[in-house]
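First up is the structure itself, then whatever we jot down about it.
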Amino acid sequence: MSSRRIPAGLLWPAGVTAALALLPVAYLAVRSVEGGLDAVARTLLRARTLELAVRSLGLAAVVTALCVVVGVSLAWLVVRSDMPGRRVFGVLAALPLAVPSYVAAYTWVAALGLEGFAGSVLVLTLCSYPYVYLPVAAALSRMNPAAEEVALSLGRSRYAVVLRQLRPAAAAGGLLVAMYVLSEFGAVAIMRLDVFTTQIYTSYRAGFNRTPAAVLGLLLVLVTLLIVVAEFRTRGRAAYAMRGGAARRPSVIRLAPGPRALALAWSVALAGLAVGFPLASIGYWLLNGSSARLDPVDLSEAVGATLAVAAAGALLTTALAVPVGIIAARHRGRVATFLEQSTYVGHSLPGIVMALSLVFFAVRYVPAIYQRSPLLVIAYAVLFMPAAVGAVRASVLQSPPVLEEVARSLGRTPLQAVRAVTLPLALPGVLAGAALVFLTAMKELPATLLLRPTGMDTLATRLWTETGSGAYAAAAPYAALLMLLAAVPGFLLGRRSLEETP
Amino acid sequence: MSLRRLVAAALVPLALLASACGGGDEAESFDENSLVIYSGRNENLVGPLLDKLKTATGLDVQVRYGDSAELAAQILEEGADTRADLFFSQDAGALGALSKHGMLAPVPQDLLSRVPAHYRSSEGTWVGLSGRSRVIVYDPRTVAAPPKSVFELTDPKWRGKVGWAPTNASFQAFVTALRVVSGEDKARQWLEAMKANGTQTYPNNVEILNAVDAGKLQLGLINHYYWYEKVAEQGTAGVPSRLAYLPGRDPGALVNVAGVGELKNTKHAEAARKAIDYLLGPDAQKYFADTTKEYPLVSGVATAPGLPPLDSLKGPEVDLSKLDSLEQTITLLQDVGLV
């Protein structure tokens with residue numbers, strides 16, 4: 001890292017990204033202020049606001065902690081242990097990403113009547129632990145074994161060293177989980193748990209009074225910023241950028257029979273609960289339902305539209321994320337920090353807030369794209385930017401800065417050096433980030449509903465239509481297809497986490 | 001590989017995808033000349049009806065589906081530039097809110113007068129198309145005599161056995177009626193007593209109905225047609241619950257409407273009126289009766305078999321235009337800690 005000047009060729013595009021990400025905040029500010037200070041104070045001082053804020057933070061804390069436990073333990077077993085079938089489990093570990101949380105929640109409620117805080121914790125943990133698993137597995141397989149050997153030679157446990165080196169990866173994944181939980185609405189509503197976002201939805205849905213919703217939205221942004229800043233602290237000065245690259249791969253650790261059986265049971269249970277159970281439930285609906293009427297034309301159009309907008313969303317998000325990610329990895333200082341942190345804002349806002357803010361701006365300033373797919377694609381970029389920025393940053397950090405310096409000593413400008421050396425090296429990681437965005441965008445519902453072109457349906461909106469009329473059997477094919485399609489990038493991400501595994 | 005080649009390689013599959021779903025492009029072209037309906041009613045329920053409307057009237061119609069309240073919020077956010085010509089709402093509350101913000105044009109008197117005054121806006125800015133009654137769904141396996149009033153539900157014998165959906169618009173319309181009919185204090189006391197009696201919160205009517213059928217609840221506060229639709233899907237064998245229509249002008253027997261309003265800034269006023277005319281006509285009214293199991297509001301169209309006739313329902317006497325005092329309802333629900 002350096003605090004040298006950020007090249008203009010990076011700074012300007014990154015500025016555009018940050019401005020786009022901050023649009024919803026501008027909208028929320030406009031809507032908060034127009035209600036007057038009284039309304040703002042009344043919203044903030046309501047006892048229920050505090051109660052729900054505390055509950056939302058509690059939920060985020062518990063789910064994040066569990067995701068870290070699950071993600072780190074699975075990653076360690078898959079990458080470093082000799083657990084039987086670990087490659088299969090490695091692929092399975094990423095697949096829960098393909099299950100939309102509202103579908104998962106519904107299957108748990110329908111089958112077992114699980115509800116409330118405990119039910120929400122279960123579903124959100126099972127759906128979002130891959131956000132921790134993926135970066136931690138990648139970090140584990142890149143880890144230089146020398147540090148562990150030093151620890152062992154000094155009579156210390158290897159795990160202290162491993163955990164310390166994993167902290168940045170686990171924290172980055174945990175941050176995504178925490179923000180995802182804070183902005184989540186669909187799954188918790190099905191679980192009958194009132195949280196902070198419930199208040200925002202209720203204000204919009206029934207109050208038709210946008211001030212309280214906007215004030216609550218701003219509060220959510222503030223809380224998120226505090227969490228983002230805390231995560232930045234954990235990065236500290238940890239030297240997890242590889243200097244020169246690991247020549248050797250980390251060793252595989254042999255498990256004793258007892259721990260081996262336990263490890264296997266743990267992995268089987270997680271795969272069964274997070275992947276097997278929703279699949280089985282959808283299969284059951286597919287087979288048992290008299291409302292199953294399926295129009296193949298509708299279905300194929302929904303598939304086409306879903307793939308197209310999600311792919312365009314992944315492309316735009318990644319393109320916007322590259323300059324910010326490079327700056328975050330290579331530069332220090334206030335500007336660099338501001339640029340990176342601003343991209344996290346959108347991820348913490350419930351989809352409806354984001355969507356209404358884009359309605360507000362598009363109708364007034366760019367009516368040509370309003371209710372057309374470009375606006376929807378921009379919405380995906382604002383919503384899912386953090387995952388892409390994180391992926392770019394992590395993979396740029398892996399490519400040693402010394403190579404850039406060599407390129408510059410050969411007469412390249414800083415920007416040319418990045419283009420010629422760093423980006424090609426970082427490309428696989430950047431593409432993995434794009435796959436993650438692609439998959440997440442495929443499942444997105446609230447913003448898609450409000451911003452899609454009139455008449456366009458994605459698999460998620462079809463699913464919403466069918467369940468909204470109580471036709472769960474008719475919803476099953478859409479749910480199944482959505483999970484199947486999302487499983488492809490999920491599978492690739494899972495397999496990638498194994499690539500460097502010994 | 002150079003960056004340019006990489007980008008090109010990434011763009012090829014995307015271009016293929018985009019061309020593969022060329023059908024999507026067709027739907028995308030927003031047509032200045034078509035009549036745009038924002039429908040808060042589910043596509044499965046009213047899609048076939050709006051298709052018939054296109055055929056019967058020859059109008060070029062585009063329908064945008066969503067949640068009634070979210071679409072109302074979207075229209076408010078769009079303001080004068082709204083793309084909507086007509087708003088087809090699931091309940092009177094969302095229409096009332098748009099009316100209050102001055103977004104709706106007056107509906108011509110000849111269309112208004114086809115529906116009883118009780119089921120349209122008193123300012124003449126929207127008109128009801130179909131009626132839905134609040135009911136109590138009960139489990140006859142455990143409940144011998146269902147309650148005759150929502151006020152009985154605070155009895156300790158129903159502790160933890162009743163389901164409601166405080167975030168649902170139909171429930172909130174009922175609470176608004178309760179406030180208007182019984183007064184703020186009584187409404188607050190009832191909500192507090194219900195909460196203290198362990199009433200179970202659900203996200204929507206369908207989930208309440210499913211919980212009663214599954215034996216998890218004994219009673220639930222829902223709209224009548226959810227039950228008839230479920231019976232149509234699963235047969236009476238799959239739906240053990242039964243409905244109780246409350247007598248005596250109980251607030252829990254509120255008859256709300258799904259209705260339509262024309263946006264003030266529409267450039268297609270004539271087409272919009274033609275569409276409203278069709279929706280109040282015999283074809284559409286019969287569709288509401290037979291397919292969505294609601295109450296047709298124009299006289300001369302028969303209610304679906306099995307439903308008690310509309311004029312036998314003894315709902316509270318509430319001006320549906322006043323259901324837009326939803327903000328006070330929300331404040332009340334928030335004070336009691338329900339939403």
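Letters for chains follow the order of the structure tokens (A, B, ...), residue numbers begin at 1 for each chain, and ligand numbers begin at 1 in the order shown.
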
Those in range 16-247 of chain A with helix (DSSP H, G or I) from DSSP, as a ChimeraX atom specification: /A:16-34,36-45,47-80,86-92,95-98,101-112,116-128,130-142,145-153,158-183,186-190,196-207,210-235

Test item: residues at most 6 Å from Val63 in chain B, only C-alpha atoms, excluding those fewer than 5 positions along its chain, as a list in words: Val36, Ile37 and Tyr38 of chain B

Selection above as a file: N, CA and C atoms, as an mmCIF file, in the first residue's frame:
data_model
loop_
_atom_site.group_PDB
_atom_site.id
_atom_site.type_symbol
_atom_site.label_atom_id
_atom_site.label_comp_id
_atom_site.auth_asym_id
_atom_site.auth_seq_id
_atom_site.Cartn_x
_atom_site.Cartn_y
_atom_site.Cartn_z
ATOM 1 N N VAL B 36 -51.357 2.532 -19.952
ATOM 2 C CA VAL B 36 -50.565 1.810 -18.959
ATOM 3 C C VAL B 36 -51.369 1.664 -17.670
ATOM 4 N N ILE B 37 -51.569 0.409 -17.265
ATOM 5 C CA ILE B 37 -52.262 0.135 -16.004
ATOM 6 C C ILE B 37 -51.234 -0.340 -14.993
ATOM 7 N N TYR B 38 -51.148 0.308 -13.833
ATOM 8 C CA TYR B 38 -50.367 -0.228 -12.721
ATOM 9 C C TYR B 38 -51.347 -1.091 -11.914
#

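The protein and nucleic acid residues lying at most 7 Å from Ala93 in chain A are Phe89, Gly90, Val91, Leu95, Pro96, Pro130, Ala271 and Gly494 of chain A, with only C-alpha atoms considered and sequence neighbours fewer than 2 positions away removed.
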
Preceding selection exported with C-alpha atoms as a compact mmCIF listing (two decimals), in the first residue's frame:
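Output saved as out29.txt:
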# COMPACT_ATOMS: atom_id res chain seq x y z
CA PHE A 89 -18.06 -30.77 0.32
CA GLY A 90 -16.00 -27.89 -1.03
CA VAL A 91 -18.33 -27.57 -4.02
CA LEU A 95 -24.22 -23.95 -3.34
CA PRO A 96 -26.46 -22.40 -0.64
CA PRO A 130 -20.71 -19.08 1.80
CA ALA A 271 -24.86 -29.73 3.22
CA GLY A 494 -17.17 -23.77 -5.03

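Residues within 8 Å of range 285-287 of chain B, counting only C-alpha atoms and excluding same-chain residues fewer than 6 positions away, are B:Leu49, B:Leu129, B:Ser130, B:Leu279, B:Pro296, B:Leu297, B:Val298, B:Val301, B:Ala302.
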
Could you save those same residues with C-alpha atoms as a JSON list (two decimals), in the first residue's frame?
[["chain", "number", "residue", "atom", "x", "y", "z"],
["B", 49, "LEU", "CA", -59.42, -10.40, -17.24],
["B", 129, "LEU", "CA", -64.87, -2.90, -8.94],
["B", 130, "SER", "CA", -65.24, -5.86, -6.60],
["B", 279, "LEU", "CA", -64.31, -3.31, -15.83],
["B", 296, "PRO", "CA", -69.51, -8.06, -8.06],
["B", 297, "LEU", "CA", -70.57, -4.49, -7.24],
["B", 298, "VAL", "CA", -72.75, -3.73, -10.25],
["B", 301, "VAL", "CA", -74.47, -9.97, -11.73],
["B", 302, "ALA", "CA", -74.85, -13.06, -9.56]]

Neighbour list for Val136 in chain A as a PyMOL selection string, cut-off 7 Å, only C-alpha atoms, skip fewer than 4 positions in-chain: chain A and resi 72+75+132+140+166+169-170
